[in-house]
$ cat start33.cif   # mmCIF, C-alpha atoms
data_model
#
loop_
_atom_site.label_atom_id
_atom_site.label_comp_id
_atom_site.auth_asym_id
_atom_site.auth_seq_id
_atom_site.Cartn_x
_atom_site.Cartn_y
_atom_site.Cartn_z
CA MET U 24 -10.07 74.25 51.19
CA LYS U 25 -12.86 73.63 48.73
CA ILE U 26 -12.24 75.88 45.74
CA LEU U 27 -14.78 76.23 42.94
CA ARG U 28 -15.88 78.33 39.97
CA PHE U 29 -19.38 79.74 39.70
CA GLY U 30 -21.56 81.63 37.25
CA ALA U 31 -22.78 81.36 33.68
CA ALA U 32 -20.81 79.17 31.28
CA GLY U 33 -17.88 81.12 29.90
CA ALA U 34 -18.19 83.83 32.56
CA GLU U 35 -17.36 81.95 35.75
CA LYS U 36 -15.71 83.54 38.76
CA PRO U 37 -13.47 81.86 41.35
CA GLY U 38 -15.06 80.92 44.64
CA LEU U 39 -14.56 79.12 47.93
CA LEU U 40 -16.94 76.94 49.91
CA ASP U 41 -16.64 77.95 53.56
CA LYS U 42 -17.09 75.70 56.59
CA ASP U 43 -20.80 76.53 56.76
CA GLY U 44 -21.42 75.59 53.13
CA THR U 45 -21.66 79.17 51.87
CA ILE U 46 -20.01 80.04 48.56
CA ARG U 47 -17.65 83.00 48.87
CA ASP U 48 -16.48 85.14 45.94
CA LEU U 49 -12.70 84.99 45.43
CA SER U 50 -12.58 87.51 42.59
CA GLY U 51 -10.76 90.03 44.79
CA VAL U 52 -8.06 87.47 45.63
CA VAL U 53 -7.40 85.67 42.33
CA SER U 54 -8.65 86.41 38.82
CA ASP U 55 -9.68 82.79 38.17
CA ILE U 56 -8.53 79.19 38.67
CA THR U 57 -6.40 78.54 35.59
CA PRO U 58 -3.05 76.95 34.74
CA GLU U 59 -1.46 80.40 34.96
CA THR U 60 -2.94 81.37 38.34
CA LEU U 61 -2.11 77.95 39.82
CA LYS U 62 1.46 78.37 38.57
CA ASN U 63 1.59 81.78 40.24
CA GLY U 64 0.52 80.57 43.67
CA ALA U 65 -3.27 80.83 43.65
CA ILE U 66 -3.70 78.10 46.27
CA ALA U 67 -1.39 79.85 48.75
CA LYS U 68 -3.08 83.22 48.13
CA ILE U 69 -6.51 81.72 48.80
CA ALA U 70 -5.29 79.90 51.93
CA ALA U 71 -4.11 83.21 53.40
CA VAL U 72 -7.60 84.77 53.27
CA ASP U 73 -10.26 84.65 56.00
CA PRO U 74 -13.35 83.30 54.15
CA SER U 75 -15.69 85.34 56.35
CA THR U 76 -14.29 88.54 54.82
CA LEU U 77 -15.30 87.48 51.30
CA PRO U 78 -18.67 88.35 49.69
CA ALA U 79 -21.30 85.59 49.95
CA VAL U 80 -22.80 84.16 46.76
CA ASP U 81 -26.33 82.90 46.06
CA ALA U 82 -26.52 79.21 46.96
CA GLY U 83 -28.42 78.41 43.75
CA VAL U 84 -25.69 79.65 41.43
CA ARG U 85 -24.44 77.38 38.63
CA LEU U 86 -21.11 75.69 39.32
CA GLY U 87 -18.58 75.60 36.50
CA PRO U 88 -15.60 73.29 35.91
CA ILE U 89 -13.07 73.64 38.71
CA VAL U 90 -10.26 74.74 36.36
CA GLU U 91 -10.51 76.95 33.28
CA GLY U 92 -8.22 76.36 30.28
CA VAL U 93 -7.13 72.78 31.05
CA ARG U 94 -4.39 71.84 28.57
CA ASN U 95 -3.92 68.14 29.31
CA PHE U 96 -6.83 65.89 30.30
CA ILE U 97 -5.25 62.48 30.90
CA ALA U 98 -7.24 59.38 31.81
CA VAL U 99 -6.32 55.99 33.22
CA GLY U 100 -8.11 52.86 32.02
CA LEU U 101 -8.89 49.65 33.90
CA ASN U 102 -7.39 50.97 37.13
CA TYR U 103 -9.70 49.18 39.60
CA VAL U 104 -9.29 45.47 40.22
CA ASP U 105 -13.04 44.87 40.49
CA HIS U 106 -13.78 46.90 37.34
CA ALA U 107 -11.20 44.94 35.33
CA HIS U 108 -12.85 41.72 36.51
CA GLU U 109 -16.34 42.88 35.44
CA THR U 110 -15.09 43.70 31.92
CA GLY U 111 -13.20 40.41 31.59
CA ALA U 112 -9.91 42.27 31.07
CA ALA U 113 -6.53 41.23 32.41
CA ILE U 114 -5.07 43.26 35.28
CA PRO U 115 -2.70 45.78 33.62
CA SER U 116 0.99 45.48 34.46
CA GLU U 117 1.43 49.23 33.86
CA PRO U 118 -1.13 52.05 33.79
CA ILE U 119 -3.22 52.28 30.62
CA LEU U 120 -3.27 55.93 29.55
CA PHE U 121 -5.42 57.79 27.05
CA ASN U 122 -6.51 61.37 26.42
CA LYS U 123 -9.87 62.99 26.89
CA ALA U 124 -10.38 66.20 24.91
CA PRO U 125 -9.93 69.20 27.24
CA ASN U 126 -12.85 70.94 25.56
CA CYS U 127 -15.22 68.18 26.73
CA ILE U 128 -14.92 69.51 30.30
CA VAL U 129 -18.15 71.03 31.66
CA GLY U 130 -19.61 71.92 35.04
CA PRO U 131 -20.57 69.18 37.49
CA ASN U 132 -24.32 69.60 36.98
CA ASP U 133 -24.42 70.63 33.34
CA THR U 134 -26.46 68.69 30.77
CA VAL U 135 -24.52 65.91 29.03
CA ILE U 136 -25.18 65.31 25.34
CA ILE U 137 -25.38 61.75 24.00
CA PRO U 138 -23.39 61.99 20.74
CA LYS U 139 -24.75 61.72 17.23
CA ASN U 140 -24.95 58.04 16.18
CA SER U 141 -24.26 56.87 19.74
CA GLN U 142 -25.27 53.33 20.59
CA LYS U 143 -23.53 52.75 23.92
CA THR U 144 -23.02 55.88 26.02
CA ASP U 145 -21.89 54.77 29.49
CA TRP U 146 -21.13 56.23 32.93
CA GLU U 147 -17.97 56.18 35.09
CA VAL U 148 -17.49 57.92 38.45
CA GLU U 149 -13.81 58.77 38.94
CA LEU U 150 -11.38 60.53 41.25
CA ALA U 151 -9.60 63.38 39.45
CA ILE U 152 -6.21 64.86 40.28
CA VAL U 153 -5.38 68.49 39.47
CA ILE U 154 -1.67 69.23 39.10
CA GLY U 155 -0.33 72.24 40.99
CA LYS U 156 3.23 72.59 39.75
CA THR U 157 5.33 71.32 36.85
CA ALA U 158 6.23 67.65 37.21
CA SER U 159 8.79 65.92 35.01
CA TYR U 160 10.64 62.70 35.90
CA ILE U 161 9.56 62.90 39.53
CA GLU U 162 9.79 60.18 42.16
CA GLU U 163 6.70 58.51 43.63
CA ALA U 164 7.75 59.56 47.14
CA ASP U 165 7.50 63.21 46.07
CA ALA U 166 4.46 62.93 43.82
CA LEU U 167 1.75 64.22 46.17
CA SER U 168 3.61 67.51 46.61
CA TYR U 169 2.83 68.23 42.94
CA VAL U 170 -0.93 67.89 43.46
CA ALA U 171 -3.06 71.04 43.83
CA GLY U 172 -6.12 69.05 44.79
CA PHE U 173 -8.71 66.40 44.01
CA SER U 174 -12.17 66.42 42.52
CA VAL U 175 -14.96 64.28 41.10
CA CYS U 176 -14.87 63.52 37.40
CA HIS U 177 -17.57 61.82 35.35
CA ASP U 178 -15.63 60.01 32.61
CA VAL U 179 -18.58 59.66 30.24
CA SER U 180 -17.75 57.09 27.54
CA GLU U 181 -19.24 55.89 24.26
CA ARG U 182 -18.32 52.20 24.22
CA ALA U 183 -19.04 51.50 20.56
CA PHE U 184 -16.80 54.39 19.54
CA GLN U 185 -14.21 53.33 22.11
CA THR U 186 -13.91 49.61 21.37
CA GLU U 187 -15.61 48.82 18.07
CA ARG U 188 -14.35 51.52 15.72
CA GLY U 189 -10.62 50.70 15.72
CA GLY U 190 -7.72 52.81 16.91
CA GLN U 191 -7.43 54.44 20.29
CA TRP U 192 -9.92 54.69 23.14
CA MET U 193 -10.04 58.48 22.82
CA LYS U 194 -12.69 58.12 20.08
CA GLY U 195 -15.22 57.24 22.74
CA LYS U 196 -13.98 59.56 25.47
CA GLY U 197 -13.87 63.14 24.24
CA SER U 198 -17.27 64.02 22.80
CA PRO U 199 -18.60 67.44 23.84
CA THR U 200 -19.75 67.48 27.51
CA PHE U 201 -18.10 64.09 28.25
CA GLY U 202 -16.05 65.51 31.16
CA PRO U 203 -18.13 66.94 34.02
CA LEU U 204 -15.56 68.12 36.59
CA GLY U 205 -16.35 69.40 40.09
CA PRO U 206 -18.09 70.56 42.18
CA TRP U 207 -14.93 71.54 44.09
CA LEU U 208 -11.17 71.40 43.92
CA VAL U 209 -10.38 69.98 47.37
CA THR U 210 -6.86 70.62 48.61
CA PRO U 211 -4.90 67.59 49.86
CA ASP U 212 -4.87 68.76 53.49
CA GLU U 213 -8.62 68.03 53.68
CA ILE U 214 -8.22 64.41 52.58
CA ALA U 215 -6.93 62.06 55.30
CA ASP U 216 -6.28 59.18 52.90
CA VAL U 217 -6.90 59.59 49.19
CA GLN U 218 -6.59 55.81 48.84
CA ASN U 219 -9.62 55.18 51.03
CA LEU U 220 -12.50 57.22 49.61
CA ASP U 221 -15.98 55.79 49.01
CA MET U 222 -17.46 56.37 45.55
CA PHE U 223 -20.96 55.95 44.15
CA LEU U 224 -23.08 56.53 41.05
CA ASP U 225 -26.87 56.33 40.81
CA LEU U 226 -28.78 55.95 37.55
CA ASN U 227 -32.35 57.28 37.74
CA GLY U 228 -32.23 56.92 41.52
CA THR U 229 -30.92 53.33 41.57
CA ARG U 230 -27.40 52.55 42.70
CA ALA U 231 -25.21 51.39 39.81
CA GLN U 232 -21.65 51.90 41.06
CA THR U 233 -20.27 51.40 44.55
CA GLY U 234 -16.54 51.44 45.11
CA ASN U 235 -13.57 52.74 47.02
CA THR U 236 -10.24 54.15 45.88
CA LYS U 237 -8.49 51.44 47.93
CA THR U 238 -9.13 48.98 45.07
CA MET U 239 -7.11 51.07 42.62
CA ILE U 240 -4.43 49.00 40.91
CA PHE U 241 -2.14 52.04 40.66
CA GLY U 242 -2.56 54.67 43.35
CA VAL U 243 -2.50 58.44 43.02
CA ALA U 244 1.18 58.94 43.84
CA HIS U 245 2.23 56.18 41.48
CA LEU U 246 0.13 57.60 38.64
CA VAL U 247 1.49 61.13 38.95
CA ALA U 248 5.08 59.90 39.06
CA TYR U 249 4.52 57.35 36.27
CA ILE U 250 2.91 59.82 33.88
CA SER U 251 5.69 62.32 34.51
CA GLN U 252 8.16 59.83 32.99
CA PHE U 253 6.44 60.18 29.61
CA LEU U 254 5.25 63.78 29.47
CA GLN U 255 5.58 66.99 31.43
CA LEU U 256 2.68 67.65 33.75
CA ASP U 257 1.92 71.33 34.19
CA PRO U 258 -0.27 73.30 36.61
CA GLY U 259 -3.94 72.84 35.77
CA ASP U 260 -3.48 69.49 34.06
CA VAL U 261 -6.13 66.95 35.06
CA ILE U 262 -5.65 63.21 35.55
CA THR U 263 -8.79 61.12 35.97
CA THR U 264 -7.87 57.85 37.58
CA GLY U 265 -10.28 55.08 36.58
CA THR U 266 -13.62 53.77 37.77
CA PRO U 267 -14.92 51.08 40.14
CA PRO U 268 -17.35 48.34 38.99
CA GLY U 269 -20.95 48.90 37.95
CA VAL U 270 -20.61 50.49 34.53
CA GLY U 271 -23.29 49.83 31.92
CA MET U 272 -21.15 47.66 29.67
CA GLY U 273 -20.47 45.33 32.60
CA MET U 274 -24.14 44.66 33.31
CA LYS U 275 -25.87 41.50 32.13
CA PRO U 276 -27.38 42.43 29.78
CA PRO U 277 -25.44 45.67 29.16
CA ARG U 278 -27.32 48.91 29.76
CA PHE U 279 -26.55 52.31 28.27
CA LEU U 280 -27.72 55.87 28.72
CA LYS U 281 -30.70 57.29 26.86
CA ASP U 282 -32.38 60.66 26.48
CA GLY U 283 -33.80 61.89 29.80
CA ASP U 284 -31.70 59.67 32.07
CA SER U 285 -30.49 61.24 35.31
CA VAL U 286 -27.15 60.38 36.88
CA ARG U 287 -25.95 61.34 40.36
CA LEU U 288 -22.42 60.57 41.50
CA GLY U 289 -19.99 61.48 44.23
CA ILE U 290 -16.90 60.73 46.29
CA THR U 291 -16.50 61.10 50.07
CA GLY U 292 -15.16 64.56 50.90
CA LEU U 293 -15.16 65.69 47.28
CA GLY U 294 -18.84 66.41 46.76
CA GLU U 295 -21.46 65.27 44.27
CA GLN U 296 -22.53 65.86 40.68
CA GLN U 297 -25.88 65.39 38.97
CA GLN U 298 -26.54 65.43 35.23
CA THR U 299 -29.42 64.91 32.86
CA PHE U 300 -28.53 63.21 29.58
CA ARG U 301 -30.01 64.49 26.34
CA ALA U 302 -29.84 63.10 22.80
CA TYR U 303 -27.87 65.06 20.19
CA LYS U 304 -30.22 67.32 18.23
CA GLY U 305 -27.88 68.79 15.59
#
$ encode --input "start33.cif" --output "structure tokens"
Amino acid sequence: MKILRFGAAGAEKPGLLDKDGTIRDLSGVVSDITPETLKNGAIAKIAAVDPSTLPAVDAGVRLGPIVEGVRNFIAVGLNYVDHAHETGAAIPSEPILFNKAPNCIVGPNDTVIIPKNSQKTDWEVELAIVIGKTASYIEEADALSYVAGFSVCHDVSERAFQTERGGQWMKGKGSPTFGPLGPWLVTPDEIADVQNLDMFLDLNGTRAQTGNTKTMIFGVAHLVAYISQFLQLDPGDVITTGTPPGVGMGMKPPRFLKDGDSVRLGITGLGEQQQTFRAYKG
């Protein structure tokens, strides 16, 4: 299934993309896609419904973030071999983890704001994992059973804040609008091999990133199990899993986002996003 949320920001409704590409209103089945509804079996309830019986929705409707009320937004750094090489970093021996602010999550096509005093706002197409049930001290062999689904995440990053201001990476990762998430939450049964998905990102119509999840250093199952050794993962938590090569800071010379830039990104089977970047206005 391809589950989504649609409507004006702050007033989204749950929806489903049917096999013909029509958005169907799920409001009569579940109240929303949230940590609480996922905990209470939203995915199973949606799976039991015939999409053709649901009301159709205007194709031009705004898409919101795929989950409302995310409590933990966990990110993995330097998780692609080819991306680590382009940055000159050593291959990590264990996953590098940091937090993105949950309130930076926005819809997949919403405007992204370049922060006040930004010098080096950068792009990163990433595969996101949405947790479906509580996971604590789980084994890697069982990890995928804790996953509600997958999505596209744009891990927007301010590199000067991240690497030149001291302290943790989260300084450059959680500015408002720095977490476009969507367009869909795709359930695992639709993905033949999550470790073999093509990824891309275009800047102003020119290809910047090309990659595949097969070059991940730590795969999805390993990440879910690994993170569960350090904190409890709950339904609705989001893990964004790192980016392939082609980010702005890896270019020679480096290139960063400016007011008016357009970015389009996507992952095979998980859909696409498109954002316009705008300078902070106060």
$ atom_distance --input "start33.cif" --atom1 "CA of Phe253 (chain U)" --atom2 "CA of Ala113 (chain U)"
23.1 Å
$ resolve_selection --input "start33.cif" --expression "the PyMOL selection byres ((chain U and resi 162) around 9)" --output "list in words"
Tyr160, Ile161, Glu163, Ala164, Asp165, Ala166, Ala244, His245, Val247, Ala248, Tyr249 and Ser251 of chain U
$ write_last_selection --input "start33.cif" --atoms "C-alpha atoms" --output "PDB file, in the coordinates of the input"
ATOM      1  CA  TYR U 160      10.640  62.700  35.900  1.00  0.00           C
ATOM      2  CA  ILE U 161       9.560  62.900  39.530  1.00  0.00           C
ATOM      3  CA  GLU U 163       6.700  58.510  43.630  1.00  0.00           C
ATOM      4  CA  ALA U 164       7.750  59.560  47.140  1.00  0.00           C
ATOM      5  CA  ASP U 165       7.500  63.210  46.070  1.00  0.00           C
ATOM      6  CA  ALA U 166       4.460  62.930  43.820  1.00  0.00           C
ATOM      7  CA  ALA U 244       1.180  58.940  43.840  1.00  0.00           C
ATOM      8  CA  HIS U 245       2.230  56.180  41.480  1.00  0.00           C
ATOM      9  CA  VAL U 247       1.490  61.130  38.950  1.00  0.00           C
ATOM     10  CA  ALA U 248       5.080  59.900  39.060  1.00  0.00           C
ATOM     11  CA  TYR U 249       4.520  57.350  36.270  1.00  0.00           C
ATOM     12  CA  SER U 251       5.690  62.320  34.510  1.00  0.00           C
TER      13      SER U 251
END
$ residues_around --input "start33.cif" --residues "Pro58 (chain U)" --least-positions-apart "4" --cutoff "12 Å" --atoms "only C-alpha atoms" --output "PyMOL selection string"
chain U and resi 54+62-66+89-95+153-157+171+256-261
$ resolve_selection --input "start33.cif" --expression "the PyMOL selection byres ((chain U and resi 173) around 8)" --output "PDB file with C-alpha atoms, in the coordinates of the input"
ATOM      1  CA  LEU U 150     -11.380  60.530  41.250  1.00  0.00           C
ATOM      2  CA  ALA U 151      -9.600  63.380  39.450  1.00  0.00           C
ATOM      3  CA  ILE U 152      -6.210  64.860  40.280  1.00  0.00           C
ATOM      4  CA  VAL U 153      -5.380  68.490  39.470  1.00  0.00           C
ATOM      5  CA  VAL U 170      -0.930  67.890  43.460  1.00  0.00           C
ATOM      6  CA  ALA U 171      -3.060  71.040  43.830  1.00  0.00           C
ATOM      7  CA  GLY U 172      -6.120  69.050  44.790  1.00  0.00           C
ATOM      8  CA  SER U 174     -12.170  66.420  42.520  1.00  0.00           C
ATOM      9  CA  VAL U 175     -14.960  64.280  41.100  1.00  0.00           C
ATOM     10  CA  LEU U 208     -11.170  71.400  43.920  1.00  0.00           C
ATOM     11  CA  VAL U 209     -10.380  69.980  47.370  1.00  0.00           C
ATOM     12  CA  THR U 210      -6.860  70.620  48.610  1.00  0.00           C
ATOM     13  CA  PRO U 211      -4.900  67.590  49.860  1.00  0.00           C
ATOM     14  CA  LEU U 293     -15.160  65.690  47.280  1.00  0.00           C
TER      15      LEU U 293
END
$ residues_around --input "start33.cif" --residues "Asp221 (chain U)" --least-positions-apart "3" --cutoff "10 Å" --atoms "all atoms listed in the file" --output "compact mmCIF listing (two decimals) with C-alpha atoms, in the coordinates of the input"
# COMPACT_ATOMS: atom_id res chain seq x y z
CA VAL U 217 -6.90 59.59 49.19
CA GLN U 218 -6.59 55.81 48.84
CA THR U 233 -20.27 51.40 44.55
CA GLY U 234 -16.54 51.44 45.11
CA ASN U 235 -13.57 52.74 47.02
CA THR U 236 -10.24 54.15 45.88
CA LYS U 237 -8.49 51.44 47.93
CA GLY U 289 -19.99 61.48 44.23
CA ILE U 290 -16.90 60.73 46.29
CA THR U 291 -16.50 61.10 50.07
CA GLY U 292 -15.16 64.56 50.90
$ closest_residue --input "start33.cif" --among "U:Gly242, U:Gly294, U:Pro276, U:Pro199" --to "Cys176 (chain U)" --atoms "all atoms listed in the file"
U:Gly294
$ closest_residue --input "start33.cif" --among "U:Leu27, U:Val53, U:Leu204, U:Ala183" --to "Asn140 (chain U)" --atoms "all atoms listed in the file"
U:Ala183
$ resolve_selection --input "start33.cif" --expression "the PyMOL selection byres ((chain U and resi 122-135) around 6)" --output "count of residues only"
25
$ closest_residue --input "start33.cif" --among "U:Phe279, U:Phe241, U:Tyr169, U:Phe223" --to "Thr264 (chain U)" --atoms "only C-alpha atoms"
U:Phe241
$ atom_distance --input "start33.cif" --atom1 "CA of Pro277 (chain U)" --atom2 "CA of Ala302 (chain U)"
19.1 Å
$ atom_distance --input "start33.cif" --atom1 "CA of His106 (chain U)" --atom2 "CA of Pro267 (chain U)"
5.2 Å
$ closest_residue --input "start33.cif" --among "U:Ser180, U:Ser285, U:Thr266, U:Ser50" --to "Gly100 (chain U)" --atoms "all atoms listed in the file"
U:Thr266
$ closest_residue --input "start33.cif" --among "U:Asn227, U:Asn219, U:Ser116, U:Thr45" --to "Val80 (chain U)" --atoms "only C-alpha atoms"
U:Thr45
$ residues_around --input "start33.cif" --residues "Lys194 (chain U)" --least-positions-apart "4" --cutoff "8 Å" --atoms "only C-alpha atoms" --output "PyMOL selection string"
chain U and resi 184-185+190+198
$ axis_aligned_box --input "start33.cif" --around "region 245-261 of chain U" --padding-each-side "6 Å" --output "lines of an AutoDock Vina configuration file"
center_x = 1.0
center_y = 64.7
center_z = 35.5
size_x = 26.3
size_y = 29.1
size_z = 24.0
$ residues_around --input "start33.cif" --residues "Arg47 (chain U)" --least-positions-apart "2" --cutoff "7 Å" --atoms "all atoms listed in the file" --output "list in words"
Gly38, Leu39, Leu40, Asp41, Thr45, Leu49, Pro74, Leu77, Pro78, Ala79 and Val80 of chain U
$ closest_residue --input "start33.cif" --among "U:Val148, U:Ile137, U:Leu246, U:Ile69" --to "Leu226 (chain U)" --atoms "only C-alpha atoms"
U:Val148
